[in-house]
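A short write-up of the structure that comes next.
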Amino acid sequence: MNDFINSIRTKAKARNFTVAFPDADDIRTLKASIFLKNEKIAQPVLVGNPEKIVKVANDNHIDISGITIHNPEDSELTNEFSKLLFEKRKSKGMTEEQATETIKDPLYFAGLLLETDRVKAVVGGNVSSTGNVMRAAIHTVGVAEGISIVSSFFVMVFPDKLLCFADCAVNPDPTEAQLADIAISSAINFKAVTGEEPRVAMLSFSTNGSAVHPDVEKVQNATKIVKQKAPEIPSDGEMQLDAAIIPSIGERKFPGSTVAGKANVLIFPDLNSGNIGYKLTERLAGAEAVGPIVQGLRKPYCDLSRGCSADDMVNVAAICTLMAKA
């Protein structure tokens, strides 16, 4: 286990927050939950059909005694949650009857546990699709104030440093305003998770006006928005990757920049470049990619890959608790 993973688990232990798992009738969820509980990294709450959850536990000789299970099909919270969801979604055409049925979905029930502060984070997606997880998260928790888009980030772990890559998993072609919000969310969460001060580079195939193209202009405008909305966050752009992370090139290509050559939060202009970039870094440079971690929501509701391991679930749960407000 690398130092970064040790670090986030240690920091999470200091909080020991409650985390809900809506894809609960899965052996990986149960293994992760037991580990989180025993190591006091977080307090797991399972959301789903108790009979199915207990059967998976018994079939795999896992003792889940002492872990809370919420059954969305039969809960004392049904009335409260159905009213809450109806109020949130009635402007979109949801009826009271539809709200009552919808909260029986563990993804929605878990989201409402989070919305009502009964848990501090939700971690799903090990069974459910990303679309279903994101829909439930947005409908129950909603998008953070002042942020226009839900996005994601990876922490790329190298032997000697940590870098944040965004957005590498959610938004195919963000607008300049959305790109700015991705940058702001990433900077805030990188600091929350790692403790390091963010330095944001808005990436492009151009550096400081070296090329003229609509794609370059989008990144330039996004950089201006970041500086206007979050002047306290060191940011600069547009710049090429080498200018962002290599000091000698940054000084030569972007003289006077406070970020060039020492950026640790790298904002890619679109999903093509972001997804390719993190996979190249992972596969060829040997970095460990921790994520994707969903961001831009009012409270942390994270989506996993359906191919994740129990260990991945532990790490994402730990990160989510670090993103949660105390």
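If you're wondering about the labels, chains in the structure tokens are A, B, ... by order shown, residues count from 1 in each chain, ligands from 1 in order shown.
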What lies within 9 Å of Pro72 (chain A) using only C-alpha atoms, ignoring chain neighbours under 5 positions off, as a CSV table (one decimal) with C-alpha atoms, in the first residue's frame?
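The result, stored in result15.csv:
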```csv
chain,number,residue,atom,x,y,z
A,47,VAL,CA,-29.1,0.0,2.0
A,48,GLY,CA,-31.1,-2.7,0.3
A,49,ASN,CA,-33.1,-5.9,0.9
A,77,LEU,CA,-38.4,6.9,7.0
A,78,THR,CA,-40.7,6.2,4.0
A,103,ILE,CA,-37.4,6.0,-2.8
A,104,LYS,CA,-37.6,2.2,-2.8
A,105,ASP,CA,-34.6,2.3,-5.0
A,106,PRO,CA,-31.6,2.0,-2.7
A,109,PHE,CA,-32.9,6.1,-0.4
A,110,ALA,CA,-29.2,6.4,0.3
```
Selection near Leu113 (chain A), 9 Å with only C-alpha atoms, sequence-local residues under 6 positions removed, as a CSV table (one decimal) with all heavy atoms, in the first residue's frame:
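Final output, out10.csv:
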```csv
chain,number,residue,atom,x,y,z
A,20,ALA,N,-23.0,5.4,3.5
A,20,ALA,CA,-24.0,4.5,3.0
A,20,ALA,C,-23.6,3.8,1.7
A,20,ALA,O,-23.0,4.4,0.9
A,20,ALA,CB,-25.3,5.2,2.8
A,81,PHE,N,-39.2,10.6,3.6
A,81,PHE,CA,-38.4,10.6,2.4
A,81,PHE,C,-39.2,10.8,1.1
A,81,PHE,O,-38.8,11.5,0.2
A,81,PHE,CB,-37.5,9.3,2.2
A,81,PHE,CG,-36.3,9.3,3.1
A,81,PHE,CD1,-36.0,10.3,4.0
A,81,PHE,CD2,-35.4,8.3,3.0
A,81,PHE,CE1,-34.9,10.3,4.8
A,81,PHE,CE2,-34.2,8.2,3.8
A,81,PHE,CZ,-34.0,9.3,4.7
A,119,VAL,N,-26.2,10.2,7.1
A,119,VAL,CA,-24.9,9.7,6.8
A,119,VAL,C,-24.1,10.9,6.2
A,119,VAL,O,-24.7,11.9,5.8
A,119,VAL,CB,-24.9,8.5,5.7
A,119,VAL,CG1,-25.7,7.4,6.3
A,119,VAL,CG2,-25.5,9.0,4.4
A,120,LYS,N,-22.8,10.7,6.1
A,120,LYS,CA,-21.9,11.8,5.6
A,120,LYS,C,-21.5,11.6,4.2
A,120,LYS,O,-21.0,12.6,3.5
A,120,LYS,CB,-20.7,11.9,6.5
A,120,LYS,CG,-20.9,12.5,7.9
A,120,LYS,CD,-21.2,14.0,7.8
A,120,LYS,CE,-21.2,14.6,9.1
A,120,LYS,NZ,-21.5,16.1,9.1
A,121,ALA,N,-21.7,10.4,3.6
A,121,ALA,CA,-21.3,10.2,2.2
A,121,ALA,C,-22.0,8.9,1.7
A,121,ALA,O,-22.5,8.1,2.5
A,121,ALA,CB,-19.8,10.0,2.1
A,122,VAL,N,-22.1,8.8,0.4
A,122,VAL,CA,-22.7,7.6,-0.2
A,122,VAL,C,-21.7,7.1,-1.2
A,122,VAL,O,-21.0,7.9,-2.0
A,122,VAL,CB,-24.0,7.9,-0.9
A,122,VAL,CG1,-24.5,6.7,-1.7
A,122,VAL,CG2,-25.1,8.4,0.1
```
According to DSSP computed on the backbone, where in region 112-313 of chain A is there strand (DSSP E or B)? Give the residues as a PyMOL selection string. chain A and resi 121-124+143+151-157+162-166+200-203+235-239+265-267+288-295+297+301-303
For Lys11 (chain A), find every residue with an atom within 10 Å (counting only C-alpha atoms), except residues of its own chain fewer than 2 positions away, and show them as an MDAnalysis selection string. chainID A and resid 5:9 13:16 41 193:194 318:319 321:322
With C-alpha atoms retained, write the just-selected residues as a PDB file, in the first residue's frame.
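After the write, again.pdb holds the following:
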```pdb
ATOM      1  CA  ILE A   5      -3.532   5.452   0.527  1.00  0.00           C
ATOM      2  CA  ASN A   6      -2.145   5.136   4.046  1.00  0.00           C
ATOM      3  CA  SER A   7      -2.552   8.880   4.455  1.00  0.00           C
ATOM      4  CA  ILE A   8      -6.203   9.089   3.367  1.00  0.00           C
ATOM      5  CA  ARG A   9      -7.140   6.106   5.512  1.00  0.00           C
ATOM      6  CA  LYS A  13     -10.010   7.406  10.838  1.00  0.00           C
ATOM      7  CA  ALA A  14      -9.770  10.744  12.592  1.00  0.00           C
ATOM      8  CA  ARG A  15     -13.288  11.498  11.327  1.00  0.00           C
ATOM      9  CA  ASN A  16     -14.830   7.998  11.339  1.00  0.00           C
ATOM     10  CA  ILE A  41     -12.032   4.245   8.920  1.00  0.00           C
ATOM     11  CA  VAL A 193      -8.098  14.917   0.094  1.00  0.00           C
ATOM     12  CA  THR A 194      -4.328  15.451  -0.042  1.00  0.00           C
ATOM     13  CA  ALA A 318     -12.183   7.192   2.807  1.00  0.00           C
ATOM     14  CA  ILE A 319     -11.816   9.950   0.200  1.00  0.00           C
ATOM     15  CA  THR A 321     -15.398  11.230   4.079  1.00  0.00           C
ATOM     16  CA  LEU A 322     -12.531  13.688   3.613  1.00  0.00           C
TER      17      LEU A 322
END
```
Show which residues sit within 10 Å of region 87-101 of chain A, as a count of residues only. Count only C-alpha atoms, and ignore same-chain residues fewer than 4 positions away. 14
If you take only C-alpha atoms and a cut-off of 10 Å, which residues of region 269-324 of chain A touch region 199-209 of chain A, and what are their nearest atom pairs and distances in Å to one decimal, in chain and number order, as a tab-separated table?
```
residue	atom	partner	partner_atom	distance
A:Pro269	CA	A:Leu203	CA	6.3
A:Asp270	CA	A:Leu203	CA	9.8
A:Ser273	CA	A:Ser204	CA	9.5
A:Gly274	CA	A:Leu203	CA	9.9
```
Could you please determine the separation between CA of Ser186 (chain A) and CA of Val265 (chain A) in Å, to one decimal place? 7.2 Å
Counting only C-alpha atoms, which residue out of A:Met156, A:Leu304, A:Leu85, A:Ile138 sits closest to Gly286 (chain A)?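 The closest residue to Gly286 (chain A) is A:Met156.
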CA of Val314 (chain A) to CA of Gln295 (chain A), distance in Å rounded to a single decimal: 17.8 Å
If you run DSSP on the backbone, which residues of region 175-291 of chain A are helix (DSSP H, G or I), as a PyMOL selection string? chain A and resi 176-194+214-229+241-245+247-253+271-284
Would you mind reading off the distance between CA of Ile233 (chain A) and CA of Asn2 (chain A), one decimal, in Å?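 Computing it gives 27.9 Å between the two atoms.
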Residue neighbourhood region 30-35 of chain A, 9 Å, only C-alpha atoms, exclusion window fewer than 3 positions, as a list of chain:residue names: A:Phe21, A:Ala24, A:Asp25, A:Asp26, A:Ile27, A:Asn38, A:Glu39, A:Lys40, A:Ile41, A:Ala42, A:Gln43, A:Pro44, A:Val45, A:Leu46, A:Ile53, A:Val56, A:Ala57, A:Ile62, A:Asp63, A:Ile64, A:Ile67, A:Ser309, A:Ala310, A:Asp311, A:Asp312, A:Met313, A:Val314
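The closest residue to Tyr278 (chain A), picked from A:Glu197, A:Asp167, A:Glu232, A:Glu251 and counting only C-alpha atoms, is A:Asp167.
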Surrounding residues of Met134 (chain A) excluding itself and chain neighbours under 5 positions, 12 Å, only C-alpha atoms, as a VMD selection string: chain A and resid 107 to 108 111 122 to 125 128 to 129 139 to 143 149 to 152 170 293 to 297 300 to 304
Take the residues from that selection and put them in a file with N, CA, C and O atoms, as a compact mmCIF listing (two decimals), in the first residue's frame.
```
# COMPACT_ATOMS: atom_id res chain seq x y z
N LEU A 107 -30.49 3.48 -4.36
CA LEU A 107 -29.68 4.64 -4.75
C LEU A 107 -30.34 5.94 -4.27
O LEU A 107 -29.65 6.86 -3.79
N TYR A 108 -31.65 6.02 -4.41
CA TYR A 108 -32.38 7.21 -3.98
C TYR A 108 -32.49 7.26 -2.45
O TYR A 108 -32.34 8.31 -1.84
N GLY A 111 -29.29 8.38 -1.06
CA GLY A 111 -29.13 9.81 -1.30
C GLY A 111 -29.90 10.67 -0.31
O GLY A 111 -29.44 11.72 0.12
N VAL A 122 -22.11 8.80 0.42
CA VAL A 122 -22.67 7.61 -0.22
C VAL A 122 -21.66 7.11 -1.24
O VAL A 122 -21.04 7.89 -1.97
N VAL A 123 -21.48 5.79 -1.28
CA VAL A 123 -20.59 5.17 -2.26
C VAL A 123 -21.37 4.06 -2.96
O VAL A 123 -21.75 3.06 -2.34
N GLY A 124 -21.63 4.23 -4.25
CA GLY A 124 -22.36 3.24 -5.04
C GLY A 124 -21.69 3.04 -6.38
O GLY A 124 -20.63 3.59 -6.66
N GLY A 125 -22.32 2.23 -7.22
CA GLY A 125 -21.81 2.04 -8.57
C GLY A 125 -21.04 0.76 -8.78
O GLY A 125 -20.66 0.45 -9.91
N SER A 128 -24.61 -0.84 -9.74
CA SER A 128 -25.45 0.07 -10.53
C SER A 128 -24.63 0.81 -11.59
O SER A 128 -23.43 1.02 -11.43
N SER A 129 -25.31 1.21 -12.66
CA SER A 129 -24.64 1.94 -13.74
C SER A 129 -24.34 3.37 -13.30
O SER A 129 -25.00 3.93 -12.42
N HIS A 139 -30.75 14.08 -8.17
CA HIS A 139 -32.15 14.25 -7.76
C HIS A 139 -32.32 14.35 -6.25
O HIS A 139 -33.27 14.97 -5.77
N THR A 140 -31.42 13.74 -5.49
CA THR A 140 -31.57 13.75 -4.03
C THR A 140 -30.70 14.80 -3.35
O THR A 140 -31.16 15.51 -2.46
N VAL A 141 -29.45 14.90 -3.75
CA VAL A 141 -28.51 15.81 -3.10
C VAL A 141 -28.40 17.13 -3.85
O VAL A 141 -28.36 18.21 -3.26
N GLY A 142 -28.33 17.05 -5.17
CA GLY A 142 -28.26 18.25 -5.99
C GLY A 142 -26.84 18.75 -6.20
O GLY A 142 -25.89 18.30 -5.57
N VAL A 143 -26.72 19.70 -7.11
CA VAL A 143 -25.43 20.27 -7.48
C VAL A 143 -25.03 21.35 -6.49
O VAL A 143 -25.88 22.06 -5.95
N ILE A 149 -21.88 22.11 -12.90
CA ILE A 149 -21.76 20.78 -13.50
C ILE A 149 -21.17 19.77 -12.51
O ILE A 149 -20.32 20.11 -11.68
N VAL A 150 -21.67 18.55 -12.59
CA VAL A 150 -21.09 17.44 -11.85
C VAL A 150 -19.97 16.85 -12.71
O VAL A 150 -20.14 16.63 -13.91
N SER A 151 -18.82 16.62 -12.10
CA SER A 151 -17.66 16.12 -12.85
C SER A 151 -16.92 15.08 -12.01
O SER A 151 -17.48 14.54 -11.05
N SER A 152 -15.68 14.82 -12.36
CA SER A 152 -14.91 13.82 -11.62
C SER A 152 -13.43 14.18 -11.65
O SER A 152 -12.98 14.97 -12.49
N VAL A 170 -16.50 11.94 -16.95
CA VAL A 170 -17.94 12.28 -16.98
C VAL A 170 -18.35 13.12 -18.18
O VAL A 170 -19.26 12.73 -18.93
N ILE A 293 -13.38 10.12 -8.73
CA ILE A 293 -14.15 10.62 -7.60
C ILE A 293 -15.11 11.69 -8.11
O ILE A 293 -14.69 12.66 -8.74
N VAL A 294 -16.39 11.48 -7.87
CA VAL A 294 -17.40 12.43 -8.33
C VAL A 294 -17.33 13.71 -7.50
O VAL A 294 -17.15 13.67 -6.28
N GLN A 295 -17.48 14.83 -8.16
CA GLN A 295 -17.46 16.13 -7.48
C GLN A 295 -18.48 17.07 -8.12
O GLN A 295 -19.02 16.79 -9.19
N GLY A 296 -18.73 18.17 -7.44
CA GLY A 296 -19.70 19.14 -7.94
C GLY A 296 -21.07 18.99 -7.34
O GLY A 296 -21.98 19.77 -7.64
N LEU A 297 -21.25 17.98 -6.48
CA LEU A 297 -22.51 17.80 -5.76
C LEU A 297 -22.46 18.55 -4.44
O LEU A 297 -21.40 18.90 -3.93
N PRO A 300 -20.95 14.57 -0.74
CA PRO A 300 -20.23 13.54 -1.51
C PRO A 300 -21.05 12.26 -1.74
O PRO A 300 -21.36 11.53 -0.80
N TYR A 301 -21.38 12.03 -2.99
CA TYR A 301 -22.08 10.83 -3.44
C TYR A 301 -21.23 10.28 -4.58
O TYR A 301 -21.25 10.81 -5.68
N CYS A 302 -20.45 9.24 -4.30
CA CYS A 302 -19.43 8.80 -5.25
C CYS A 302 -19.84 7.57 -6.05
O CYS A 302 -20.56 6.70 -5.54
N ASP A 303 -19.36 7.51 -7.26
CA ASP A 303 -19.66 6.42 -8.19
C ASP A 303 -18.40 5.58 -8.42
O ASP A 303 -17.33 6.12 -8.69
N LEU A 304 -18.56 4.28 -8.29
CA LEU A 304 -17.45 3.35 -8.50
C LEU A 304 -17.51 2.74 -9.89
O LEU A 304 -18.56 2.76 -10.55
```
